[in-house]
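J.: First the structure, then my questions, so here it is.
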Protein chains: 2
Amino acid sequence: MKLGWIGTGVMGTSMAGHLQAAGHEVYVFNRTRQKAERLLAQGAVWCATPAKVAQNAEVVFTIVGFPADVEEVYLGAQGILSVKGACRIVVDMTTSEPGLARKIAQAAAEKGIASLDAPVSGGDVGAKNGTLAIMVGGEKSAFDEVRPLFQCMGKNIALMGEAGSGQHTKMCNQILIAGNMIGVCESLLYAEKVGLDQQAVIDIIGQGAASSWSINNLGPRVVKGNYDPGFFVEHFIKDMGIALKEAAAVKLSLPGLALVHQLYIALQAQGHGRSGTQALMLALKTLNGEK
Amino acid sequence: MKLGWIGTGVMGTSMAGHLQAAGHEVYVFNRTRQKAERLLAQGAVWCATPAKVAQNAEVVFTIVGFPADVEEVYLGAQGILSVKGACRIVVDMTTSEPGLARKIAQAAAEKGIASLDAPVSGGDVGAKNGTLAIMVGGEKSAFDEVRPLFQCMGKNIALMGEAGSGQHTKMCNQILIAGNMIGVCESLLYAEKVGLDQQAVIDIIGQGAASSWSINNLGPRVVKGNYDPGFFVEHFIKDMGIALKEAAAVKLSLPGLALVHQLYIALQAQGHGRSGTQALMLALKTLNGEK
C-alpha cells in the first residue's frame, strides 16, 4: 500500500521502518530532511510538504513533537488536509490534545477522510522492536482497516472509543507514570540518605507489591547516575500539562499529578529538559540542598 | 526447634503456620487469645505473656500492630527482654521504626540476645502462600541462623545491613507504593471523568512502561468499587508517618510522600481507616465534590 509518514524522529523512524519492511511504499516528510535519510536510503520517497504526502498516500501517519506541530501538519497552509489527493485515512500517533484530535477528525470528515488518534507507549525500545502499545480513538471501520499496519509497529492495540479517546488513554498512562516516577525517586533518595545500598533495595522491593516498570527499568539508571534520555523531560512536561488542562476542563483536581508536573518544570529550569525522566531525582536532590 | 510467635493476626497466623508445618514447636502469645485458636488447634503452646514465650523458645518472632505495641512486647514489664530464658534470637517482623529496631537490638545485646528487624512485603496472600519478601537488618551470624526459618515464610529474603536496615528498606517499599497508588487512583479517576472504560484502560496501560503491581492488582478492584482491605489504610498511614519522620530526621523533604500521606489521612477522617489502600480513590472523589 502507498503510505505516508510525517515525523522521522527516533520513534517515527523505527515505526515507519517496520511498514517499509512489511513491503509498503512510504512517502515521507520531516521538518528537518536530514533526519529522514535512513528511511530514504531504505527506499522512501521524499515529499517537500505534508500536502504532497497526502496527495500520494492512502493512509498518512504522523508523529511529531507538540500539539502546535500537529496542528500545522494537519491544518496548516501546506498541511495534510489542505489538498484532495489519495489520502483516505489519517493517523496521528503524536501524544497530543484530545480536543485537537476531535478538531482534526471533524476537519478530515468534511473532506471525506477518516481520522484516528493513536498515541503510543513503549518508548524508543518499543518502537524499535515493534512492541508498542497503541491506544486508538476514532471510527471502528477506519480502525479495522489500519489495524494490520498498527500490528507492524505494536503488540497491544486497542480502540478506546470515539475521536480523542486514544489521547485520553495516553493521558491515563502518563498520569500513572507520574505517580510511579515520584515514588521511584523519593524511595531511592531515602535509601541513599539512610545509607542503604540502592541497587539492593531495588532488587528486593522491585519484585513484590511495590513493583513497577519504572523502578525496575529506570531505578538502576538512577543508581548509576545515568540520566540519558529514554523519554525526554520536556515531552513528559508537555504530556502532563495536557492531562492537567483536560482534567481542569472536566473540573477534576489531580493534586499528585500537579505536584509531579511542578517538580519536572523545576527540573527543566535547572537545565534538564533534554534529560530522561529519571532525572527527577536531580530535582529532588536540588530541593534538598545538594549542589 | 522451639520457636516463639507473638502476634496472630491475618499475617502472623499464616506465617507461624508455615513454621509449624515445617515441624517446629511453636510457643504463642497474642493480646486477644481468641485469634491464636487456629495455631493452638494445630498444636501450638499458649503462653500468658511475651516473657513466657521467651522463657521457652530459642528464636522468638513478633508481628504486631504499631511501634508502641512492639515496644511493649519487647521492653514492657512482661516483655520478651524482661527475662533470661531459652531465647537466643529475637526477630521483629512488624513494620515499625528503624530507631526502635536499634533500641531493641541494643537492649537485647545487653542480655546476650541477637536481634533482627525483618519486616515483610506481600500482604495476606504472600503470607498465606509463603512468598513474602523479607527485608532484614542486624548481624549476619543471626541472619544466617534464621534464614532457613525465613525460607518457610518467604521467597525474596535479603540482609540489608545493621539493625534498623530492614525497617529502612520497608520504608523504601512504602514510599514507592505511595507514588504508585496516587498514580493508579488519579489515572482511573481521569478515565472515568472523560468517559473511558476504566478496565479497558488498565488492560492497555497496565502492560507497558506505566505498569505496576498496583495498577494490575488494585486497579480492577477500584473499577468494581471493591474497597475491601488487602492492606489497611490505617496501617499504611502509620508506615508513611514513620517514613516521613525518619526522612525529616536526616533532613530529607519528600513532597510526594507527604501529599499522599495527607490524602490518606483525609480518607481515614472520612471513615475509611479499615478499608483497603485502593480506597484512596474515594478521597479523590470526595476532594472533587462527589457525595
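Every chain in the C-alpha cells has a letter given in the order shown (A, B, ...), and although residue numbers restart at 1 in each chain, ligands are simply numbered from 1 in the order shown.
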Each residue of chain B lying at most 8 Å from chain A should get a row with its shortest atom-to-atom pair and the distance in Å to one decimal, counting only C-alpha atoms; could you produce that, ordered by chain and increasing number, as JSON lines?
T.:
```
{"residue": "B:Ser121", "atom": "CA", "partner": "A:Gly208", "partner_atom": "CA", "distance": 6.8}
{"residue": "B:Gly122", "atom": "CA", "partner": "A:Ala209", "partner_atom": "CA", "distance": 5.9}
{"residue": "B:Ala133", "atom": "CA", "partner": "A:Ile204", "partner_atom": "CA", "distance": 6.9}
{"residue": "B:Met135", "atom": "CA", "partner": "A:Ile204", "partner_atom": "CA", "distance": 7.5}
{"residue": "B:Asn156", "atom": "CA", "partner": "A:Ile204", "partner_atom": "CA", "distance": 6.5}
{"residue": "B:Ile157", "atom": "CA", "partner": "A:Ile204", "partner_atom": "CA", "distance": 7.5}
{"residue": "B:Ala158", "atom": "CA", "partner": "A:Ile204", "partner_atom": "CA", "distance": 7.2}
{"residue": "B:Met160", "atom": "CA", "partner": "A:Leu196", "partner_atom": "CA", "distance": 7.1}
{"residue": "B:Gly161", "atom": "CA", "partner": "A:Leu196", "partner_atom": "CA", "distance": 7.4}
{"residue": "B:Ser165", "atom": "CA", "partner": "A:Leu196", "partner_atom": "CA", "distance": 7.2}
{"residue": "B:His168", "atom": "CA", "partner": "A:Val194", "partner_atom": "CA", "distance": 7.4}
{"residue": "B:Thr169", "atom": "CA", "partner": "A:Val201", "partner_atom": "CA", "distance": 6.4}
{"residue": "B:Met171", "atom": "CA", "partner": "A:Ser187", "partner_atom": "CA", "distance": 7.9}
{"residue": "B:Cys172", "atom": "CA", "partner": "A:Ser187", "partner_atom": "CA", "distance": 4.7}
{"residue": "B:Asn173", "atom": "CA", "partner": "A:Ile205", "partner_atom": "CA", "distance": 5.6}
{"residue": "B:Gln174", "atom": "CA", "partner": "A:Ala210", "partner_atom": "CA", "distance": 7.3}
{"residue": "B:Ile175", "atom": "CA", "partner": "A:Ser187", "partner_atom": "CA", "distance": 5.4}
{"residue": "B:Leu176", "atom": "CA", "partner": "A:Gly183", "partner_atom": "CA", "distance": 4.1}
{"residue": "B:Ile177", "atom": "CA", "partner": "A:Ala210", "partner_atom": "CA", "distance": 5.0}
{"residue": "B:Ala178", "atom": "CA", "partner": "A:Gly183", "partner_atom": "CA", "distance": 6.5}
{"residue": "B:Gly179", "atom": "CA", "partner": "A:Gly183", "partner_atom": "CA", "distance": 4.1}
{"residue": "B:Asn180", "atom": "CA", "partner": "A:Asn180", "partner_atom": "CA", "distance": 4.7}
{"residue": "B:Met181", "atom": "CA", "partner": "A:Gly179", "partner_atom": "CA", "distance": 7.3}
{"residue": "B:Ile182", "atom": "CA", "partner": "A:Gly179", "partner_atom": "CA", "distance": 5.8}
{"residue": "B:Gly183", "atom": "CA", "partner": "A:Gly179", "partner_atom": "CA", "distance": 4.1}
{"residue": "B:Val184", "atom": "CA", "partner": "A:Leu176", "partner_atom": "CA", "distance": 5.6}
{"residue": "B:Glu186", "atom": "CA", "partner": "A:Leu254", "partner_atom": "CA", "distance": 6.2}
{"residue": "B:Ser187", "atom": "CA", "partner": "A:Cys172", "partner_atom": "CA", "distance": 4.7}
{"residue": "B:Leu188", "atom": "CA", "partner": "A:Cys172", "partner_atom": "CA", "distance": 7.0}
{"residue": "B:Tyr190", "atom": "CA", "partner": "A:Ala247", "partner_atom": "CA", "distance": 6.7}
{"residue": "B:Ala191", "atom": "CA", "partner": "A:Cys172", "partner_atom": "CA", "distance": 6.5}
{"residue": "B:Lys193", "atom": "CA", "partner": "A:Val250", "partner_atom": "CA", "distance": 7.0}
{"residue": "B:Val194", "atom": "CA", "partner": "A:His168", "partner_atom": "CA", "distance": 7.4}
{"residue": "B:Leu196", "atom": "CA", "partner": "A:Met160", "partner_atom": "CA", "distance": 7.1}
{"residue": "B:Asp197", "atom": "CA", "partner": "A:Met160", "partner_atom": "CA", "distance": 7.6}
{"residue": "B:Ala200", "atom": "CA", "partner": "A:Met160", "partner_atom": "CA", "distance": 7.4}
{"residue": "B:Val201", "atom": "CA", "partner": "A:Thr169", "partner_atom": "CA", "distance": 6.4}
{"residue": "B:Ile204", "atom": "CA", "partner": "A:Asn156", "partner_atom": "CA", "distance": 6.5}
{"residue": "B:Ile205", "atom": "CA", "partner": "A:Asn173", "partner_atom": "CA", "distance": 5.6}
{"residue": "B:Gly208", "atom": "CA", "partner": "A:Gly122", "partner_atom": "CA", "distance": 6.0}
{"residue": "B:Ala209", "atom": "CA", "partner": "A:Trp213", "partner_atom": "CA", "distance": 5.5}
{"residue": "B:Ala210", "atom": "CA", "partner": "A:Ile177", "partner_atom": "CA", "distance": 5.1}
{"residue": "B:Ser211", "atom": "CA", "partner": "A:Trp213", "partner_atom": "CA", "distance": 5.5}
{"residue": "B:Ser212", "atom": "CA", "partner": "A:Ser212", "partner_atom": "CA", "distance": 3.8}
{"residue": "B:Trp213", "atom": "CA", "partner": "A:Ser211", "partner_atom": "CA", "distance": 5.5}
{"residue": "B:Ser214", "atom": "CA", "partner": "A:Ala209", "partner_atom": "CA", "distance": 6.8}
{"residue": "B:Ala247", "atom": "CA", "partner": "A:Tyr190", "partner_atom": "CA", "distance": 6.7}
{"residue": "B:Val250", "atom": "CA", "partner": "A:Lys193", "partner_atom": "CA", "distance": 6.9}
{"residue": "B:Lys251", "atom": "CA", "partner": "A:Asn288", "partner_atom": "CA", "distance": 7.9}
{"residue": "B:Leu252", "atom": "CA", "partner": "A:Asn288", "partner_atom": "CA", "distance": 6.3}
{"residue": "B:Ser253", "atom": "CA", "partner": "A:Asn288", "partner_atom": "CA", "distance": 6.4}
{"residue": "B:Leu254", "atom": "CA", "partner": "A:Glu186", "partner_atom": "CA", "distance": 6.2}
{"residue": "B:Gly256", "atom": "CA", "partner": "A:Ile182", "partner_atom": "CA", "distance": 6.3}
{"residue": "B:Leu257", "atom": "CA", "partner": "A:Gly183", "partner_atom": "CA", "distance": 7.7}
{"residue": "B:Leu259", "atom": "CA", "partner": "A:Gly256", "partner_atom": "CA", "distance": 7.2}
{"residue": "B:Val260", "atom": "CA", "partner": "A:Gly256", "partner_atom": "CA", "distance": 7.6}
{"residue": "B:Leu284", "atom": "CA", "partner": "A:Leu254", "partner_atom": "CA", "distance": 7.9}
{"residue": "B:Leu287", "atom": "CA", "partner": "A:Ser253", "partner_atom": "CA", "distance": 7.8}
{"residue": "B:Asn288", "atom": "CA", "partner": "A:Leu252", "partner_atom": "CA", "distance": 6.3}
```
J.: Restricted to C-alpha atoms, what would the selected residues look like written as a PDB file, in the first residue's frame?
T.:
```
ATOM      1  CA  SER B 121       6.040  -7.217  51.871  1.00  0.00           C
ATOM      2  CA  GLY B 122       3.478  -9.275  50.006  1.00  0.00           C
ATOM      3  CA  ALA B 133       9.673 -10.518  50.596  1.00  0.00           C
ATOM      4  CA  MET B 135      13.942  -7.272  54.419  1.00  0.00           C
ATOM      5  CA  ASN B 156      12.889 -12.947  48.366  1.00  0.00           C
ATOM      6  CA  ILE B 157      14.991 -12.610  51.524  1.00  0.00           C
ATOM      7  CA  ALA B 158      17.869 -10.162  51.963  1.00  0.00           C
ATOM      8  CA  MET B 160      20.210  -5.114  54.082  1.00  0.00           C
ATOM      9  CA  GLY B 161      22.678  -4.001  56.776  1.00  0.00           C
ATOM     10  CA  SER B 165      18.104  -1.548  57.876  1.00  0.00           C
ATOM     11  CA  HIS B 168      14.508   1.397  56.365  1.00  0.00           C
ATOM     12  CA  THR B 169      14.138  -0.898  53.332  1.00  0.00           C
ATOM     13  CA  MET B 171      10.100   2.387  54.207  1.00  0.00           C
ATOM     14  CA  CYS B 172      11.563   2.495  50.665  1.00  0.00           C
ATOM     15  CA  ASN B 173       8.928  -0.061  49.688  1.00  0.00           C
ATOM     16  CA  GLN B 174       6.105   2.013  51.177  1.00  0.00           C
ATOM     17  CA  ILE B 175       7.360   5.290  49.638  1.00  0.00           C
ATOM     18  CA  LEU B 176       7.343   3.567  46.254  1.00  0.00           C
ATOM     19  CA  ILE B 177       3.815   2.246  46.810  1.00  0.00           C
ATOM     20  CA  ALA B 178       2.603   5.714  47.851  1.00  0.00           C
ATOM     21  CA  GLY B 179       3.622   7.041  44.427  1.00  0.00           C
ATOM     22  CA  ASN B 180       2.154   4.055  42.616  1.00  0.00           C
ATOM     23  CA  MET B 181      -1.181   4.446  44.437  1.00  0.00           C
ATOM     24  CA  ILE B 182      -1.688   8.144  43.678  1.00  0.00           C
ATOM     25  CA  GLY B 183      -0.884   7.348  40.051  1.00  0.00           C
ATOM     26  CA  VAL B 184      -3.399   4.498  39.939  1.00  0.00           C
ATOM     27  CA  GLU B 186      -5.733   9.719  39.653  1.00  0.00           C
ATOM     28  CA  SER B 187      -5.337   7.840  36.357  1.00  0.00           C
ATOM     29  CA  LEU B 188      -8.539   5.845  36.825  1.00  0.00           C
ATOM     30  CA  TYR B 190      -9.392  10.806  34.956  1.00  0.00           C
ATOM     31  CA  ALA B 191     -10.504   7.832  32.826  1.00  0.00           C
ATOM     32  CA  LYS B 193     -14.414  11.607  34.123  1.00  0.00           C
ATOM     33  CA  VAL B 194     -13.539  11.675  30.414  1.00  0.00           C
ATOM     34  CA  LEU B 196     -13.298   5.897  29.057  1.00  0.00           C
ATOM     35  CA  ASP B 197     -13.895   2.264  30.015  1.00  0.00           C
ATOM     36  CA  ALA B 200     -10.056  -1.293  29.073  1.00  0.00           C
ATOM     37  CA  VAL B 201      -7.623   1.431  30.129  1.00  0.00           C
ATOM     38  CA  ILE B 204      -3.720  -1.450  27.725  1.00  0.00           C
ATOM     39  CA  ILE B 205      -1.671   0.777  30.043  1.00  0.00           C
ATOM     40  CA  GLY B 208       3.965  -1.284  29.303  1.00  0.00           C
ATOM     41  CA  ALA B 209       6.088   1.494  30.740  1.00  0.00           C
ATOM     42  CA  ALA B 210       3.286   2.571  33.104  1.00  0.00           C
ATOM     43  CA  SER B 211       2.794  -0.893  34.562  1.00  0.00           C
ATOM     44  CA  SER B 212       2.892  -1.642  38.266  1.00  0.00           C
ATOM     45  CA  TRP B 213       1.648  -4.296  40.643  1.00  0.00           C
ATOM     46  CA  SER B 214      -0.769  -1.691  41.968  1.00  0.00           C
ATOM     47  CA  ALA B 247      13.269  11.361  56.421  1.00  0.00           C
ATOM     48  CA  VAL B 250      18.041  13.085  58.117  1.00  0.00           C
ATOM     49  CA  LYS B 251      16.784  16.481  56.811  1.00  0.00           C
ATOM     50  CA  LEU B 252      15.094  15.000  53.764  1.00  0.00           C
ATOM     51  CA  SER B 253      11.979  16.558  52.219  1.00  0.00           C
ATOM     52  CA  LEU B 254       9.752  14.108  50.333  1.00  0.00           C
ATOM     53  CA  GLY B 256       5.202  13.365  47.017  1.00  0.00           C
ATOM     54  CA  LEU B 257       5.053  11.111  50.040  1.00  0.00           C
ATOM     55  CA  LEU B 259       0.948  14.705  49.815  1.00  0.00           C
ATOM     56  CA  VAL B 260      -0.133  11.073  49.605  1.00  0.00           C
ATOM     57  CA  LEU B 284     -10.004  11.881  45.484  1.00  0.00           C
ATOM     58  CA  LEU B 287     -11.967  16.118  47.102  1.00  0.00           C
ATOM     59  CA  ASN B 288     -13.665  16.553  43.730  1.00  0.00           C
TER      60      ASN B 288
END
```
J.: As a PyMOL selection string, list the residues of stretch 130-167 of chain B assigned to strand (DSSP E) by DSSP on the backbone atoms of this structure.
T.: chain B and resi 132-137+154-161
J.: Using only C-alpha atoms, can you tell me which of A:Trp46, A:Phe231, A:Tyr27, A:Tyr74 comes closest to A:Ala101?
T.: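 With only C-alpha atoms as the atom set, the closest residue is A:Tyr74.
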J.: Point out the residue among A:Ala77, A:Leu267, A:Val10, A:Leu149 with the least atom-to-atom distance to A:Ala36, counting only C-alpha atoms.
T.: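 Closest residue, counting only C-alpha atoms: A:Val10.
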J.: Output as a ChimeraX atom specification all residues of stretch 114-244 of chain B that backbone DSSP marks as alpha helix (DSSP H).
T.: /B:123-129,140-153,165-193,198-205,213-217,219-223,233-244
J.: Can you measure atom CA of B:Gly276 to atom CA of B:Asn30 for me? One decimal in Å is fine.
T.: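 Interatomic distance, atom CA of B:Gly276 to atom CA of B:Asn30: 23.8 Å.
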J.: Applying 6 Å and only C-alpha atoms, which residues near stretch 107-116 of chain B remain after dropping the ones on its own chain fewer than 6 positions away? List them as a list in words.
T.: Arg88, Ile89, Val90, Val91, Gly137 and Gly138 of chain B
J.: Can you write just those residues out, N, CA and C atoms, as a PDB file, in the first residue's frame?
T.:
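Writing done, so here's selection.pdb:
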```pdb
ATOM      1  N   ARG B  88      17.532 -16.937  72.338  1.00  0.00           N
ATOM      2  CA  ARG B  88      18.852 -16.513  71.865  1.00  0.00           C
ATOM      3  C   ARG B  88      18.755 -15.451  70.777  1.00  0.00           C
ATOM      4  N   ILE B  89      17.649 -15.487  70.011  1.00  0.00           N
ATOM      5  CA  ILE B  89      17.471 -14.548  68.891  1.00  0.00           C
ATOM      6  C   ILE B  89      16.031 -14.050  68.887  1.00  0.00           C
ATOM      7  N   VAL B  90      15.857 -12.742  68.691  1.00  0.00           N
ATOM      8  CA  VAL B  90      14.511 -12.181  68.507  1.00  0.00           C
ATOM      9  C   VAL B  90      14.421 -11.580  67.098  1.00  0.00           C
ATOM     10  N   VAL B  91      13.242 -11.692  66.514  1.00  0.00           N
ATOM     11  CA  VAL B  91      13.023 -11.237  65.137  1.00  0.00           C
ATOM     12  C   VAL B  91      11.712 -10.461  65.073  1.00  0.00           C
ATOM     13  N   GLY B 137      17.439  -6.432  58.872  1.00  0.00           N
ATOM     14  CA  GLY B 137      18.538  -5.667  59.445  1.00  0.00           C
ATOM     15  C   GLY B 137      19.096  -6.394  60.652  1.00  0.00           C
ATOM     16  N   GLY B 138      20.410  -6.344  60.840  1.00  0.00           N
ATOM     17  CA  GLY B 138      21.012  -6.982  62.022  1.00  0.00           C
ATOM     18  C   GLY B 138      22.330  -7.667  61.684  1.00  0.00           C
TER      19      GLY B 138
END
```
J.: Extract, using only C-alpha atoms, all DNA, RNA and protein residues at most 6 Å from A:Lys2, discarding same-chain residues fewer than 2 positions from it, and format them as an MDAnalysis selection string.
T.: chainID A and resid 25 57:58
J.: Can I get the selection written as a tab-separated table (two decimals), in the first residue's frame, with all heavy atoms?
T.:
```tsv
chain	number	residue	atom	x	y	z
A	25	GLU	N	5.05	1.02	0.39
A	25	GLU	CA	5.76	2.14	-0.20
A	25	GLU	C	5.50	3.36	0.68
A	25	GLU	O	4.35	3.71	0.94
A	25	GLU	CB	5.20	2.38	-1.62
A	25	GLU	CG	6.04	3.29	-2.48
A	25	GLU	CD	5.46	3.36	-3.90
A	25	GLU	OE1	4.62	2.50	-4.26
A	25	GLU	OE2	5.85	4.27	-4.64
A	57	ALA	N	-0.34	9.31	-0.77
A	57	ALA	CA	-0.52	8.13	0.09
A	57	ALA	C	-1.98	7.95	0.52
A	57	ALA	O	-2.67	8.91	0.80
A	57	ALA	CB	0.37	8.25	1.32
A	58	GLU	N	-2.40	6.69	0.61
A	58	GLU	CA	-3.78	6.39	1.03
A	58	GLU	C	-3.98	6.57	2.52
A	58	GLU	O	-5.02	7.05	2.97
A	58	GLU	CB	-4.12	4.93	0.69
A	58	GLU	CG	-4.36	4.65	-0.77
A	58	GLU	CD	-4.72	3.20	-0.95
A	58	GLU	OE1	-5.88	2.84	-0.65
A	58	GLU	OE2	-3.84	2.42	-1.36
```
J.: So the first atom is atom CA of A:Ala283 and the second is atom CA of A:Ile237; what is the distance between them in Å, to one decimal place?
T.: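 Separation between atom CA of A:Ala283 and atom CA of A:Ile237: 13.7 Å.
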J.: I'd like the neighbourhood of B:Gln42 as a ChimeraX atom specification, where a residue qualifies if any of its atoms comes within 12 Å (using only C-alpha atoms), though same-chain residues fewer than 2 positions away should be ignored.
T.: /B:13-14,16-21,23-28,36-40,44-46
